[in-house]
Amino acid sequence: MFDDAHRLDDVRRPLFSELPARQHVKLVLCLRPGPIDQVEVELTDAGFDATQINHPEPLKRLSSEHALELAEAALGTELSERFRLRLRDLSRDCPLLAVLAAELLKTGKLADRDLNDIAEFRIHVFKGLLSEARPVEESFGTTLTRDILRLLALLAPVKVDADFLKIAAQFLGPATQPSHVSDIINAIEQVGLLATTGAGVRVTPDLLSDHLSFTACYDKRGNDTTFVGRVFELFPLNKFPRLIQHVAEAEWQALQVNDSAQSVIEPVWQWFLERFNQNSFHERHEQLKQWANLAHIQPRRTLELAQLSVKLQNAPSPKNTWLVGKDMNSHAHVLSALPSLLKPLAKHQSESVASCLDILWKIGRDRPATFTNEREHPISAIGDIARYDGGRFPAVQREVLAWLQRLFRSNNWHTTENKPAWVLAQLLHPFFSQSIEEQWSTGRTLHWRTIPIHLGNTAEFREGTLKICQTISATHSTPLILATLGVLEHAMRAAQLSGQDPTPEFLSEWHNERLRPWLLPQR
């Protein structure tokens with residue numbers, strides 16, 4: 001079990017490379033949705049076959065009934081009747097809060113009055129968690145202990161070595177010695193607020209770590225702090241690469257409350273861009289993989305980085321001379337990282353869809369598709385973004401369709417390195433999906449299910465796609481009309497559901513729908 005996989009890319013890659021040959025080992029990853037595409041690329045690069053990768057069922061918001069069950073189980077019989085309803089309402093967006101709050105209520109660290117307002121409730125929960133550090137604060141001082149916790153939250157995972165202790169002591173003030181910092185970290189670990197892994201030390205639970213990162217960046221009024229500015233001055237970003245992600249997440253959280261909140265990531269961003277300009281192609285590719293973890297919460301900067309990647313067609317020689325002349329040190333290698341960078345952004349930010357697709361089309365239209373690269377091809381990535389996901393982000397599909405309608409009204413979309421039939425298949429077939437395939441594992445059991453797509457849920461997308469086919473057919477170009485017929489043939493295929501027999505109602509609905517593409521060539 002690999003928890004927090006979205007945070008630990010420096011652990012993921014060496015771990016992944018060790019596992020394909022160990023057929024008896026099953027790896028279960030727990031991660032946030034944004035970096036899923038990037039992690040999947042890392043798995044295939046490491047040697048996993050695509051059929052070995054099972055996509056999990058996305059965690060959904062708890063229903064009122066399930067949230068109540070969780071609150072009751074966490075509170076126990078003595079407190080359940082008194083607190084279960086309020087705890088249910090306060091924790092539905094974050095179920096972990098119910099578990100943490102219940103423990104604090106049992107120990108008297110959370111009072112009845114603390115449950116009246118959700119913002120105040122969260123503050124009191126975090127205060128309750130931090131109360132575990134009280135013995136450390138009594139021995140070493142509250143300010144020093146809290147500053148070290150915030151520092152570790154921002155930089156984690158941290159290798160607590162001599163270099164770190166020296167810089168941390170300098171950061172905390174002239175009266176602080178490296179040995180003093182080490183003693184405090186050991187004391188915090190003993191009270192259970194730090195976890196140590198092969199990657200280093202980090203604050204636990206993650207919810208508290210996120211809270212400490214945020215308070216290190218912003219004060220109660222939403223203004224940036226001098227704390228994070230001093231961190232940037234003293235701690236080298238190339239030695240603490242996770243600092244970028246933690247600061248970006250804090251800024252994203254601040255912008256959800258106040259869209260005019262000050263930017264705390266801008267100094268890091270400028271450093272990142274300067275390094276990108278100075279790096280070799282191979283190093284730029286690695287930077288793009290690093291940024292992919294936070295692409296969906298930094299849309300403007302992600303698009304700027306993608307555009308810069310396309311623009312910079314020259315680069316300094318790599319520090320490792322064996323890379324000179326290799327495919328891994330080429331502009332094409334840099335561009336190959338862009339689909340994994342842009343897909344999570346487009347899938348989560350509908351206002352960024354058109355810009356993402358413009359870039360993917362630009363780098364994909366003249367790139368030949370082969371059997372080995374078709375799955376990662378930029379044009380295939382556009383189709384992945386277009387794929388219906390059960391209605392979680394219908395605005396994304398609408399933006400993709402609008403972009404495609406503009407593309408196919410142009411006269412030169414088909415003058416590419418790939419055959420029009422292939423291009424149309426990648427871009428238009430996803431709109432005619434009849435089901436959603438999901439796979440996940442529990443223990444040693446592999447589960448899969450096919451969810452039928454209700455005809456009405458995707459009607460607007462199929463209608464728009466048929467209009468695109470009409471637009472293409474109106475050119476009276478024989479090769480383009482033949483390519484369009486391939487799309488219509490796909491749209492008319494028999495209704496079927498993988499692993500189950502479709503109901504008569506499902507077959508009847510899709511049977512009538514299949515007639516519409518058949519009539520189109522006759523109009």
# chains A, B, ... in the order shown; residues from 1 in each chain; ligands from 1
$ select_by_dssp --residues "segment 202-438 of chain A" --states "strand (DSSP E)" --output "list of chain:residue names"
A:Arg202, A:Val203, A:Ser435, A:Ile436, A:Glu437, A:Glu438
$ write_last_selection --atoms "all heavy atoms" --output "compact mmCIF listing (two decimals), in the first residue's frame"
# COMPACT_ATOMS: atom_id res chain seq x y z
N ARG A 202 7.74 13.57 7.64
CA ARG A 202 6.62 14.42 7.26
C ARG A 202 5.63 14.50 8.42
O ARG A 202 5.59 13.62 9.29
CB ARG A 202 5.93 13.90 6.01
CG ARG A 202 5.29 12.54 6.15
CD ARG A 202 4.72 12.04 4.83
NE ARG A 202 4.15 10.71 4.92
CZ ARG A 202 2.89 10.45 5.23
NH1 ARG A 202 2.06 11.43 5.49
NH2 ARG A 202 2.44 9.20 5.29
N VAL A 203 4.84 15.58 8.42
CA VAL A 203 3.81 15.76 9.44
C VAL A 203 2.63 14.85 9.15
O VAL A 203 2.25 14.64 7.99
CB VAL A 203 3.34 17.23 9.47
CG1 VAL A 203 2.19 17.42 10.46
CG2 VAL A 203 4.50 18.17 9.84
N SER A 435 -21.02 3.06 -22.69
CA SER A 435 -20.83 2.66 -21.29
C SER A 435 -19.52 3.24 -20.77
O SER A 435 -18.67 3.71 -21.53
CB SER A 435 -20.80 1.13 -21.17
OG SER A 435 -19.72 0.59 -21.93
N ILE A 436 -19.39 3.21 -19.45
CA ILE A 436 -18.17 3.61 -18.77
C ILE A 436 -17.60 2.37 -18.09
O ILE A 436 -18.31 1.67 -17.38
CB ILE A 436 -18.46 4.70 -17.70
CG1 ILE A 436 -19.08 5.93 -18.36
CG2 ILE A 436 -17.20 5.08 -16.95
CD1 ILE A 436 -19.65 6.91 -17.35
N GLU A 437 -16.32 2.10 -18.35
CA GLU A 437 -15.68 0.93 -17.75
C GLU A 437 -14.89 1.37 -16.52
O GLU A 437 -14.09 2.30 -16.59
CB GLU A 437 -14.73 0.26 -18.76
CG GLU A 437 -15.37 -0.11 -20.08
CD GLU A 437 -16.41 -1.21 -19.95
OE1 GLU A 437 -16.27 -2.04 -19.02
OE2 GLU A 437 -17.36 -1.24 -20.75
N GLU A 438 -15.10 0.70 -15.39
CA GLU A 438 -14.36 1.00 -14.17
C GLU A 438 -13.78 -0.28 -13.59
O GLU A 438 -14.42 -1.33 -13.63
CB GLU A 438 -15.27 1.67 -13.12
CG GLU A 438 -15.71 3.07 -13.50
CD GLU A 438 -16.49 3.76 -12.40
OE1 GLU A 438 -16.91 3.05 -11.46
OE2 GLU A 438 -16.67 4.98 -12.48
$ residues_around --residues "Asp384 of chain A" --least-positions-apart "5" --cutoff "10 Å" --atoms "only C-alpha atoms" --output "count of residues only"
9
$ closest_residue --among "A:Thr321, A:Thr302, A:Gln287, A:Asn457" --to "Phe431 of chain A" --atoms "only C-alpha atoms"
A:Asn457
$ residues_around --residues "Gly464 of chain A" --least-positions-apart "5" --cutoff "10 Å" --atoms "only C-alpha atoms" --output "number ranges by chain"
A: 398, 401-402, 404-405, 431, 459, 469-470
$ write_last_selection --atoms "N, CA, C and O atoms" --output "compact mmCIF listing (two decimals), in the first residue's frame"
# COMPACT_ATOMS: atom_id res chain seq x y z
N ARG A 398 -18.51 19.71 -23.27
CA ARG A 398 -19.07 20.79 -24.09
C ARG A 398 -17.97 21.65 -24.69
O ARG A 398 -18.04 22.05 -25.86
N LEU A 401 -16.25 19.70 -27.51
CA LEU A 401 -17.08 19.66 -28.71
C LEU A 401 -17.05 21.00 -29.44
O LEU A 401 -16.95 21.05 -30.68
N ALA A 402 -17.15 22.09 -28.70
CA ALA A 402 -17.10 23.42 -29.32
C ALA A 402 -15.77 23.64 -30.02
O ALA A 402 -15.71 24.20 -31.13
N LEU A 404 -13.81 21.27 -31.26
CA LEU A 404 -13.78 20.41 -32.45
C LEU A 404 -14.60 21.01 -33.58
O LEU A 404 -14.21 20.93 -34.76
N GLN A 405 -15.71 21.61 -33.24
CA GLN A 405 -16.53 22.23 -34.29
C GLN A 405 -15.76 23.36 -34.98
O GLN A 405 -15.83 23.50 -36.21
N PHE A 431 -17.34 10.22 -28.26
CA PHE A 431 -18.66 10.80 -28.01
C PHE A 431 -19.79 9.78 -28.20
O PHE A 431 -20.92 10.04 -27.81
N ALA A 459 -26.77 12.97 -25.27
CA ALA A 459 -27.47 13.31 -26.51
C ALA A 459 -26.87 14.54 -27.18
O ALA A 459 -26.66 14.56 -28.40
N CYS A 469 -19.79 15.68 -38.64
CA CYS A 469 -19.72 14.77 -39.80
C CYS A 469 -20.38 15.40 -41.03
O CYS A 469 -19.89 15.26 -42.16
N GLN A 470 -21.50 16.08 -40.81
CA GLN A 470 -22.16 16.76 -41.93
C GLN A 470 -21.27 17.87 -42.50
O GLN A 470 -21.17 18.03 -43.71
$ closest_residue --among "A:Val264, A:Ala153, A:Ala162, A:Val191" --to "Ser131 of chain A" --atoms "only C-alpha atoms"
A:Val191
$ select_by_dssp --residues "segment 267-341 of chain A" --states "alpha helix (DSSP H)" --output "ChimeraX atom specification"
/A:267-278,281-291,299-311,331-335,338-341
$ residues_around --residues "His296 of chain A" --least-positions-apart "4" --cutoff "9 Å" --atoms "only C-alpha atoms" --output "list in words"
Gly34, Pro35, Ala292, Thr302, Leu341, Leu342, Lys343, Pro344, Leu345, Ala346, Lys347, His348 and Gln349 of chain A
$ closest_residue --among "A:Asn54, A:Gln290, A:Gln278, A:Ser209" --to "His246 of chain A" --atoms "only C-alpha atoms"
A:Ser209
$ atom_distance --atom1 "atom CA of Ser410 of chain A" --atom2 "atom CA of Ile468 of chain A"
11.5 Å
$ closest_residue --among "A:Arg284, A:Arg301, A:Arg134, A:His24" --to "Arg146 of chain A" --atoms "only C-alpha atoms"
A:Arg134
$ closest_residue --among "A:Leu357, A:Ala133, A:Ala332, A:Ala5" --to "Asn314 of chain A" --atoms "only C-alpha atoms"
A:Ala332
$ residues_around --residues "Glu42 of chain A" --least-positions-apart "6" --cutoff "10 Å" --atoms "only C-alpha atoms" --output "list in words"
Asp9, Arg12, Arg13, Phe16, Ser17, Ile36, Phe48 and Lys289 of chain A
$ residues_around --residues "Gly192 of chain A" --least-positions-apart "2" --cutoff "10 Å" --atoms "only C-alpha atoms" --output "PDB file with N, CA and C atoms, in the first residue's frame"
ATOM      1  N   GLU A 132      -1.471  17.739  20.938  1.00  0.00           N
ATOM      2  CA  GLU A 132      -0.603  16.583  21.176  1.00  0.00           C
ATOM      3  C   GLU A 132       0.843  17.017  21.361  1.00  0.00           C
ATOM      4  N   ALA A 133       1.181  18.186  20.800  1.00  0.00           N
ATOM      5  CA  ALA A 133       2.556  18.677  20.892  1.00  0.00           C
ATOM      6  C   ALA A 133       2.803  19.484  22.164  1.00  0.00           C
ATOM      7  N   ALA A 187      11.356  14.899  19.603  1.00  0.00           N
ATOM      8  CA  ALA A 187      10.276  14.988  20.596  1.00  0.00           C
ATOM      9  C   ALA A 187       8.908  15.036  19.919  1.00  0.00           C
ATOM     10  N   ILE A 188       8.811  15.773  18.798  1.00  0.00           N
ATOM     11  CA  ILE A 188       7.539  15.830  18.059  1.00  0.00           C
ATOM     12  C   ILE A 188       7.188  14.455  17.502  1.00  0.00           C
ATOM     13  N   GLU A 189       8.193  13.720  17.039  1.00  0.00           N
ATOM     14  CA  GLU A 189       7.940  12.378  16.514  1.00  0.00           C
ATOM     15  C   GLU A 189       7.430  11.457  17.612  1.00  0.00           C
ATOM     16  N   GLN A 190       7.939  11.616  18.824  1.00  0.00           N
ATOM     17  CA  GLN A 190       7.528  10.751  19.931  1.00  0.00           C
ATOM     18  C   GLN A 190       6.073  10.967  20.323  1.00  0.00           C
ATOM     19  N   LEU A 194       4.702  13.188  13.688  1.00  0.00           N
ATOM     20  CA  LEU A 194       5.604  13.020  12.551  1.00  0.00           C
ATOM     21  C   LEU A 194       5.657  11.545  12.168  1.00  0.00           C
ATOM     22  N   ALA A 195       5.790  11.307  10.883  1.00  0.00           N
ATOM     23  CA  ALA A 195       5.979   9.947  10.370  1.00  0.00           C
ATOM     24  C   ALA A 195       7.277   9.924   9.574  1.00  0.00           C
ATOM     25  N   VAL A 203       4.837  15.581   8.418  1.00  0.00           N
ATOM     26  CA  VAL A 203       3.809  15.764   9.443  1.00  0.00           C
ATOM     27  C   VAL A 203       2.634  14.845   9.146  1.00  0.00           C
ATOM     28  N   THR A 204       2.057  14.273  10.175  1.00  0.00           N
ATOM     29  CA  THR A 204       0.893  13.411  10.028  1.00  0.00           C
ATOM     30  C   THR A 204      -0.152  13.790  11.074  1.00  0.00           C
ATOM     31  N   PRO A 205      -1.466  13.697  10.769  1.00  0.00           N
ATOM     32  CA  PRO A 205      -2.062  13.260   9.505  1.00  0.00           C
ATOM     33  C   PRO A 205      -1.931  14.333   8.417  1.00  0.00           C
TER      34      PRO A 205
END
